file coords07.csv (CSV, N, CA, C and O atoms)
chain,number,residue,atom,x,y,z
A,1142,MET,N,85.1,177.5,114.9
A,1142,MET,CA,83.9,176.8,114.5
A,1142,MET,C,83.2,177.6,113.4
A,1142,MET,O,83.0,178.8,113.5
A,1143,ILE,N,82.7,176.9,112.4
A,1143,ILE,CA,82.0,177.6,111.3
A,1143,ILE,C,80.5,177.7,111.7
A,1143,ILE,O,79.9,176.7,112.1
A,1144,ASN,N,79.9,178.8,111.5
A,1144,ASN,CA,78.5,179.0,111.7
A,1144,ASN,C,77.8,178.5,110.5
A,1144,ASN,O,77.8,179.1,109.5
A,1145,LYS,N,77.1,177.4,110.7
A,1145,LYS,CA,76.5,176.7,109.5
A,1145,LYS,C,75.4,177.5,108.9
A,1145,LYS,O,75.1,177.4,107.7
A,1146,LYS,N,74.8,178.4,109.6
A,1146,LYS,CA,73.7,179.3,109.1
A,1146,LYS,C,74.2,180.3,108.1
A,1146,LYS,O,73.6,180.7,107.2
A,1147,ASN,N,75.5,180.7,108.3
A,1147,ASN,CA,76.0,181.8,107.5
A,1147,ASN,C,77.3,181.5,106.8
A,1147,ASN,O,78.1,182.4,106.5
A,1148,THR,N,77.6,180.3,106.5
A,1148,THR,CA,78.8,179.9,105.9
A,1148,THR,C,78.8,180.4,104.5
A,1148,THR,O,77.9,180.3,103.7
A,1149,LEU,N,80.0,181.0,104.1
A,1149,LEU,CA,80.1,181.6,102.7
A,1149,LEU,C,80.8,180.5,101.9
A,1149,LEU,O,81.8,179.9,102.2
A,1150,TYR,N,80.1,180.2,100.7
A,1150,TYR,CA,80.6,179.2,99.8
A,1150,TYR,C,81.0,179.9,98.4
A,1150,TYR,O,80.3,180.8,98.0
A,1151,SER,N,82.0,179.4,97.8
A,1151,SER,CA,82.3,179.8,96.4
A,1151,SER,C,81.5,178.9,95.5
A,1151,SER,O,81.5,177.7,95.7
A,1152,ILE,N,80.9,179.5,94.5
A,1152,ILE,CA,80.0,178.7,93.6
A,1152,ILE,C,80.7,178.6,92.3
A,1152,ILE,O,81.2,179.6,91.7
A,1153,TYR,N,80.7,177.4,91.7
A,1153,TYR,CA,81.4,177.2,90.4
A,1153,TYR,C,80.4,176.5,89.5
A,1153,TYR,O,79.5,175.8,89.9
A,1154,LYS,N,80.6,176.8,88.2
A,1154,LYS,CA,79.8,176.1,87.1
A,1154,LYS,C,80.9,175.5,86.2
A,1154,LYS,O,81.7,176.3,85.6
A,1155,ASN,N,80.9,174.2,86.1
A,1155,ASN,CA,81.8,173.5,85.2
A,1155,ASN,C,83.3,173.9,85.6
A,1155,ASN,O,84.1,174.1,84.7
A,1156,GLY,N,83.6,174.2,86.8
A,1156,GLY,CA,84.9,174.5,87.3
A,1156,GLY,C,85.3,176.0,87.2
A,1156,GLY,O,86.3,176.4,87.7
A,1157,ASN,N,84.4,176.8,86.7
A,1157,ASN,CA,84.6,178.3,86.6
A,1157,ASN,C,83.9,179.0,87.8
A,1157,ASN,O,82.7,178.8,88.0
A,1158,HIS,N,84.7,179.8,88.5
A,1158,HIS,CA,84.1,180.5,89.7
A,1158,HIS,C,83.1,181.6,89.2
A,1158,HIS,O,83.4,182.4,88.3
A,1159,LEU,N,81.9,181.5,89.8
A,1159,LEU,CA,80.9,182.5,89.4
A,1159,LEU,C,80.6,183.5,90.4
A,1159,LEU,O,80.2,184.7,90.1
A,1160,GLY,N,80.8,183.2,91.7
A,1160,GLY,CA,80.6,184.1,92.8
A,1160,GLY,C,80.5,183.4,94.1
A,1160,GLY,O,80.8,182.2,94.2
A,1161,ASN,N,80.1,184.1,95.1
A,1161,ASN,CA,80.0,183.5,96.4
A,1161,ASN,C,78.5,183.6,96.9
A,1161,ASN,O,77.8,184.6,96.5
A,1162,GLU,N,78.1,182.7,97.8
A,1162,GLU,CA,76.8,182.7,98.3
A,1162,GLU,C,76.8,182.1,99.7
A,1162,GLU,O,77.6,181.2,99.9
A,1163,ARG,N,76.0,182.5,100.6
A,1163,ARG,CA,75.8,182.0,101.9
A,1163,ARG,C,74.8,180.9,101.9
A,1163,ARG,O,73.8,180.9,101.2
A,1164,GLY,N,75.0,179.9,102.8
A,1164,GLY,CA,74.0,178.9,103.0
A,1164,GLY,C,74.3,178.0,104.2
A,1164,GLY,O,75.4,178.0,104.7
A,1165,LYS,N,73.4,177.1,104.5
A,1165,LYS,CA,73.6,176.1,105.6
A,1165,LYS,C,74.6,175.1,105.2
A,1165,LYS,O,75.3,174.6,106.1
A,1166,ASN,N,74.6,174.7,103.9
A,1166,ASN,CA,75.5,173.8,103.4
A,1166,ASN,C,75.8,174.1,101.9
A,1166,ASN,O,75.2,175.1,101.4
A,1167,VAL,N,76.6,173.4,101.2
A,1167,VAL,CA,76.9,173.7,99.8
A,1167,VAL,C,75.7,173.7,98.9
A,1167,VAL,O,75.5,174.5,98.1
A,1168,ASN,N,74.8,172.7,99.1
A,1168,ASN,CA,73.6,172.6,98.3
A,1168,ASN,C,72.7,173.7,98.5
A,1168,ASN,O,72.1,174.3,97.6
A,1169,ASP,N,72.6,174.2,99.7
A,1169,ASP,CA,71.7,175.3,100.1
A,1169,ASP,C,72.3,176.6,99.4
A,1169,ASP,O,71.6,177.4,98.9
A,1170,ALA,N,73.6,176.7,99.5
A,1170,ALA,CA,74.3,177.9,98.9
A,1170,ALA,C,74.1,177.9,97.4
A,1170,ALA,O,73.8,179.0,96.8
A,1171,ILE,N,74.2,176.8,96.7
A,1171,ILE,CA,74.0,176.7,95.3
A,1171,ILE,C,72.5,177.1,95.0
A,1171,ILE,O,72.3,177.8,94.0
A,1172,LYS,N,71.6,176.6,95.7
A,1172,LYS,CA,70.2,176.9,95.5
A,1172,LYS,C,69.9,178.4,95.7
A,1172,LYS,O,69.3,179.0,94.9
A,1173,ASN,N,70.5,179.0,96.7
A,1173,ASN,CA,70.4,180.4,96.9
A,1173,ASN,C,71.0,181.2,95.8
A,1173,ASN,O,70.5,182.2,95.4
A,1174,TYR,N,72.2,180.8,95.3
A,1174,TYR,CA,72.8,181.4,94.2
A,1174,TYR,C,71.9,181.4,92.9
A,1174,TYR,O,71.8,182.4,92.2
A,1175,LEU,N,71.4,180.2,92.6
A,1175,LEU,CA,70.5,180.1,91.5
A,1175,LEU,C,69.3,180.9,91.6
A,1175,LEU,O,68.8,181.5,90.6
A,1176,LYS,N,68.7,181.1,92.8
A,1176,LYS,CA,67.6,181.9,93.0
A,1176,LYS,C,67.9,183.4,92.7
A,1176,LYS,O,67.2,184.1,92.0
A,1177,ALA,N,69.1,183.8,93.2
A,1177,ALA,CA,69.5,185.2,93.0
A,1177,ALA,C,69.9,185.5,91.6
A,1177,ALA,O,69.7,186.6,91.1
A,1178,ALA,N,70.3,184.4,90.8
A,1178,ALA,CA,70.6,184.6,89.4
A,1178,ALA,C,69.4,184.4,88.5
A,1178,ALA,O,69.5,184.3,87.3
A,1179,LEU,N,68.2,184.4,89.2
A,1179,LEU,CA,66.9,184.3,88.5
A,1179,LEU,C,66.7,182.9,87.7
A,1179,LEU,O,66.1,182.9,86.7
A,1180,TYR,N,67.3,181.9,88.3
A,1180,TYR,CA,67.2,180.5,87.7
A,1180,TYR,C,66.3,179.6,88.6
A,1180,TYR,O,66.4,178.4,88.5
A,1181,GLU,N,65.4,180.3,89.4
A,1181,GLU,CA,64.6,179.5,90.3
A,1181,GLU,C,63.7,178.5,89.6
A,1181,GLU,O,63.5,177.4,90.2
A,1182,ASP,N,63.3,178.8,88.4
A,1182,ASP,CA,62.4,177.8,87.7
A,1182,ASP,C,63.2,176.6,87.3
A,1182,ASP,O,62.6,175.5,87.0
A,1183,SER,N,64.5,176.6,87.3
A,1183,SER,CA,65.4,175.5,86.9
A,1183,SER,C,65.9,174.6,88.0
A,1183,SER,O,66.6,173.7,87.8
A,1184,LEU,N,65.4,174.9,89.3
A,1184,LEU,CA,65.9,174.2,90.4
A,1184,LEU,C,65.5,172.7,90.4
A,1184,LEU,O,66.2,171.9,91.0
A,1185,ASP,N,64.4,172.4,89.7
A,1185,ASP,CA,64.0,171.0,89.7
A,1185,ASP,C,64.7,170.2,88.6
A,1185,ASP,O,64.5,169.0,88.5
A,1186,ASN,N,65.4,170.9,87.7
A,1186,ASN,CA,66.1,170.2,86.6
A,1186,ASN,C,67.5,169.8,87.2
A,1186,ASN,O,68.4,170.5,87.3
A,1187,LEU,N,67.6,168.5,87.5
A,1187,LEU,CA,68.8,167.9,88.1
A,1187,LEU,C,70.0,168.0,87.2
A,1187,LEU,O,71.1,168.2,87.7
A,1188,GLU,N,69.8,167.9,85.9
A,1188,GLU,CA,71.0,168.0,84.9
A,1188,GLU,C,71.5,169.4,85.0
A,1188,GLU,O,72.8,169.6,85.0
A,1189,PHE,N,70.7,170.4,85.1
A,1189,PHE,CA,71.1,171.8,85.1
A,1189,PHE,C,71.8,172.1,86.4
A,1189,PHE,O,72.9,172.7,86.5
A,1190,VAL,N,71.2,171.7,87.6
A,1190,VAL,CA,71.8,172.0,88.9
A,1190,VAL,C,73.1,171.2,89.1
A,1190,VAL,O,74.0,171.7,89.7
A,1191,SER,N,73.3,170.1,88.4
A,1191,SER,CA,74.5,169.3,88.6
A,1191,SER,C,75.7,169.9,88.0
A,1191,SER,O,76.8,169.5,88.3
A,1192,MET,N,75.5,170.9,87.1
A,1192,MET,CA,76.6,171.7,86.6
A,1192,MET,C,77.3,172.6,87.6
A,1192,MET,O,78.4,173.1,87.4
A,1193,TYR,N,76.6,172.8,88.7
A,1193,TYR,CA,77.1,173.7,89.7
A,1193,TYR,C,77.7,173.0,90.9
A,1193,TYR,O,77.3,171.9,91.2
A,1194,SER,N,78.8,173.5,91.5
A,1194,SER,CA,79.4,173.0,92.6
A,1194,SER,C,79.9,174.1,93.5
A,1194,SER,O,79.8,175.3,93.2
A,1195,GLY,N,80.3,173.8,94.7
A,1195,GLY,CA,80.8,174.8,95.6
A,1195,GLY,C,81.7,174.2,96.7
A,1195,GLY,O,81.8,173.0,96.9
A,1196,LYS,N,82.4,175.1,97.3
A,1196,LYS,CA,83.2,174.8,98.5
A,1196,LYS,C,83.3,176.0,99.4
A,1196,LYS,O,83.0,177.1,99.0
A,1197,ILE,N,83.7,175.7,100.6
A,1197,ILE,CA,83.8,176.9,101.6
A,1197,ILE,C,84.8,177.9,101.1
A,1197,ILE,O,85.9,177.5,100.6
A,1198,ALA,N,84.4,179.1,101.1
A,1198,ALA,CA,85.2,180.2,100.6
A,1198,ALA,C,86.5,180.4,101.4
A,1198,ALA,O,86.4,180.3,102.7
A,1199,LEU,N,87.6,180.6,100.8
A,1199,LEU,CA,88.9,180.7,101.5
A,1199,LEU,C,88.8,181.9,102.4
A,1199,LEU,O,88.5,183.0,102.0
A,1200,LYS,N,89.1,181.6,103.7
A,1200,LYS,CA,89.1,182.6,104.7
A,1200,LYS,C,87.7,183.3,104.8
A,1200,LYS,O,87.6,184.4,105.3
A,1201,HIS,N,86.7,182.7,104.3
A,1201,HIS,CA,85.3,183.2,104.3
A,1201,HIS,C,85.2,184.6,103.6
A,1201,HIS,O,84.3,185.3,103.9
A,1202,ILE,N,86.1,184.9,102.7
A,1202,ILE,CA,85.9,186.2,102.0
A,1202,ILE,C,86.0,186.0,100.5
A,1202,ILE,O,85.5,186.9,99.8
A,1203,HIS,N,86.7,185.0,100.0
A,1203,HIS,CA,86.7,184.9,98.5
A,1203,HIS,C,87.0,183.4,98.1
A,1203,HIS,O,87.2,182.6,99.0
A,1204,TYR,N,87.0,183.1,96.9
A,1204,TYR,CA,87.2,181.8,96.4
A,1204,TYR,C,88.6,181.4,96.4
A,1204,TYR,O,89.5,182.2,96.5
A,1205,SER,N,88.8,180.1,96.4
A,1205,SER,CA,90.2,179.6,96.4
A,1205,SER,C,90.6,179.0,95.0
A,1205,SER,O,89.7,178.7,94.2
call {"tool": "encode", "arguments": {"input": "coords07.csv", "output": "structure tokens"}}
result
Amino acid sequence: MINKKNTLYSIYKNGNHLGNERGKNVNDAIKNYLKAALYEDSLDNLEFVSMYSGKIALKHIHYS
């Protein structure tokens, strides 16, 4: 069973892997990644945020 509070997601921008981030779901992980990357001011810009996607990290340690 996956612990939803600590699930590790691979974060992608336009299909390119950028890194990993934890979150309750993929949208939360993307939000956390953008905050860590100092893009917190851009979280309200839907066009900017829509460039990012994510999926559960392979074996919870790295991207697939």
call {"tool": "select_by_dssp", "arguments": {"input": "coords07.csv", "residues": "chain A", "states": "strand (DSSP E)", "output": "count of residues only"}}
result
20
call {"tool": "atom_distance", "arguments": {"input": "coords07.csv", "atom1": "atom CA of A:Asn1155", "atom2": "atom N of A:Ser1194"}}
result
7.0 Å
call {"tool": "atom_distance", "arguments": {"input": "coords07.csv", "atom1": "atom N of A:Ile1152", "atom2": "atom N of A:Asp1185"}}
result
18.6 Å
call {"tool": "closest_residue", "arguments": {"input": "coords07.csv", "among": "A:Lys1176, A:Lys1165, A:Asn1147, A:Ile1171", "to": "A:Tyr1193", "atoms": "only N, CA, C and O atoms"}}
result
A:Ile1171
call {"tool": "atom_distance", "arguments": {"input": "coords07.csv", "atom1": "atom N of A:His1158", "atom2": "atom CA of A:Ala1198"}}
result
12.1 Å
call {"tool": "closest_residue", "arguments": {"input": "coords07.csv", "among": "A:Ser1191, A:Ser1151, A:Asn1186, A:Asn1157", "to": "A:Ala1170", "atoms": "only C-alpha atoms"}}
result
A:Ser1151
call {"tool": "closest_residue", "arguments": {"input": "coords07.csv", "among": "A:Ala1177, A:Asn1168, A:Leu1184, A:Leu1149", "to": "A:Ile1197", "atoms": "all atoms listed in the file"}}
result
A:Leu1149
call {"tool": "select_by_dssp", "arguments": {"input": "coords07.csv", "residues": "chain A", "states": "alpha helix (DSSP H)", "output": "PDB file with N, CA, C and O atoms, in the frame of the given file"}}
result
ATOM      1  N   VAL A1167      76.600 173.400 101.200  1.00  0.00           N
ATOM      2  CA  VAL A1167      76.900 173.700  99.800  1.00  0.00           C
ATOM      3  C   VAL A1167      75.700 173.700  98.900  1.00  0.00           C
ATOM      4  O   VAL A1167      75.500 174.500  98.100  1.00  0.00           O
ATOM      5  N   ASN A1168      74.800 172.700  99.100  1.00  0.00           N
ATOM      6  CA  ASN A1168      73.600 172.600  98.300  1.00  0.00           C
ATOM      7  C   ASN A1168      72.700 173.700  98.500  1.00  0.00           C
ATOM      8  O   ASN A1168      72.100 174.300  97.600  1.00  0.00           O
ATOM      9  N   ASP A1169      72.600 174.200  99.700  1.00  0.00           N
ATOM     10  CA  ASP A1169      71.700 175.300 100.100  1.00  0.00           C
ATOM     11  C   ASP A1169      72.300 176.600  99.400  1.00  0.00           C
ATOM     12  O   ASP A1169      71.600 177.400  98.900  1.00  0.00           O
ATOM     13  N   ALA A1170      73.600 176.700  99.500  1.00  0.00           N
ATOM     14  CA  ALA A1170      74.300 177.900  98.900  1.00  0.00           C
ATOM     15  C   ALA A1170      74.100 177.900  97.400  1.00  0.00           C
ATOM     16  O   ALA A1170      73.800 179.000  96.800  1.00  0.00           O
ATOM     17  N   ILE A1171      74.200 176.800  96.700  1.00  0.00           N
ATOM     18  CA  ILE A1171      74.000 176.700  95.300  1.00  0.00           C
ATOM     19  C   ILE A1171      72.500 177.100  95.000  1.00  0.00           C
ATOM     20  O   ILE A1171      72.300 177.800  94.000  1.00  0.00           O
ATOM     21  N   LYS A1172      71.600 176.600  95.700  1.00  0.00           N
ATOM     22  CA  LYS A1172      70.200 176.900  95.500  1.00  0.00           C
ATOM     23  C   LYS A1172      69.900 178.400  95.700  1.00  0.00           C
ATOM     24  O   LYS A1172      69.300 179.000  94.900  1.00  0.00           O
ATOM     25  N   ASN A1173      70.500 179.000  96.700  1.00  0.00           N
ATOM     26  CA  ASN A1173      70.400 180.400  96.900  1.00  0.00           C
ATOM     27  C   ASN A1173      71.000 181.200  95.800  1.00  0.00           C
ATOM     28  O   ASN A1173      70.500 182.200  95.400  1.00  0.00           O
ATOM     29  N   TYR A1174      72.200 180.800  95.300  1.00  0.00           N
ATOM     30  CA  TYR A1174      72.800 181.400  94.200  1.00  0.00           C
ATOM     31  C   TYR A1174      71.900 181.400  92.900  1.00  0.00           C
ATOM     32  O   TYR A1174      71.800 182.400  92.200  1.00  0.00           O
ATOM     33  N   LEU A1175      71.400 180.200  92.600  1.00  0.00           N
ATOM     34  CA  LEU A1175      70.500 180.100  91.500  1.00  0.00           C
ATOM     35  C   LEU A1175      69.300 180.900  91.600  1.00  0.00           C
ATOM     36  O   LEU A1175      68.800 181.500  90.600  1.00  0.00           O
ATOM     37  N   LYS A1176      68.700 181.100  92.800  1.00  0.00           N
ATOM     38  CA  LYS A1176      67.600 181.900  93.000  1.00  0.00           C
ATOM     39  C   LYS A1176      67.900 183.400  92.700  1.00  0.00           C
ATOM     40  O   LYS A1176      67.200 184.100  92.000  1.00  0.00           O
ATOM     41  N   ALA A1177      69.100 183.800  93.200  1.00  0.00           N
ATOM     42  CA  ALA A1177      69.500 185.200  93.000  1.00  0.00           C
ATOM     43  C   ALA A1177      69.900 185.500  91.600  1.00  0.00           C
ATOM     44  O   ALA A1177      69.700 186.600  91.100  1.00  0.00           O
ATOM     45  N   LEU A1187      67.600 168.500  87.500  1.00  0.00           N
ATOM     46  CA  LEU A1187      68.800 167.900  88.100  1.00  0.00           C
ATOM     47  C   LEU A1187      70.000 168.000  87.200  1.00  0.00           C
ATOM     48  O   LEU A1187      71.100 168.200  87.700  1.00  0.00           O
ATOM     49  N   GLU A1188      69.800 167.900  85.900  1.00  0.00           N
ATOM     50  CA  GLU A1188      71.000 168.000  84.900  1.00  0.00           C
ATOM     51  C   GLU A1188      71.500 169.400  85.000  1.00  0.00           C
ATOM     52  O   GLU A1188      72.800 169.600  85.000  1.00  0.00           O
ATOM     53  N   PHE A1189      70.700 170.400  85.100  1.00  0.00           N
ATOM     54  CA  PHE A1189      71.100 171.800  85.100  1.00  0.00           C
ATOM     55  C   PHE A1189      71.800 172.100  86.400  1.00  0.00           C
ATOM     56  O   PHE A1189      72.900 172.700  86.500  1.00  0.00           O
ATOM     57  N   VAL A1190      71.200 171.700  87.600  1.00  0.00           N
ATOM     58  CA  VAL A1190      71.800 172.000  88.900  1.00  0.00           C
ATOM     59  C   VAL A1190      73.100 171.200  89.100  1.00  0.00           C
ATOM     60  O   VAL A1190      74.000 171.700  89.700  1.00  0.00           O
TER      61      VAL A1190
END
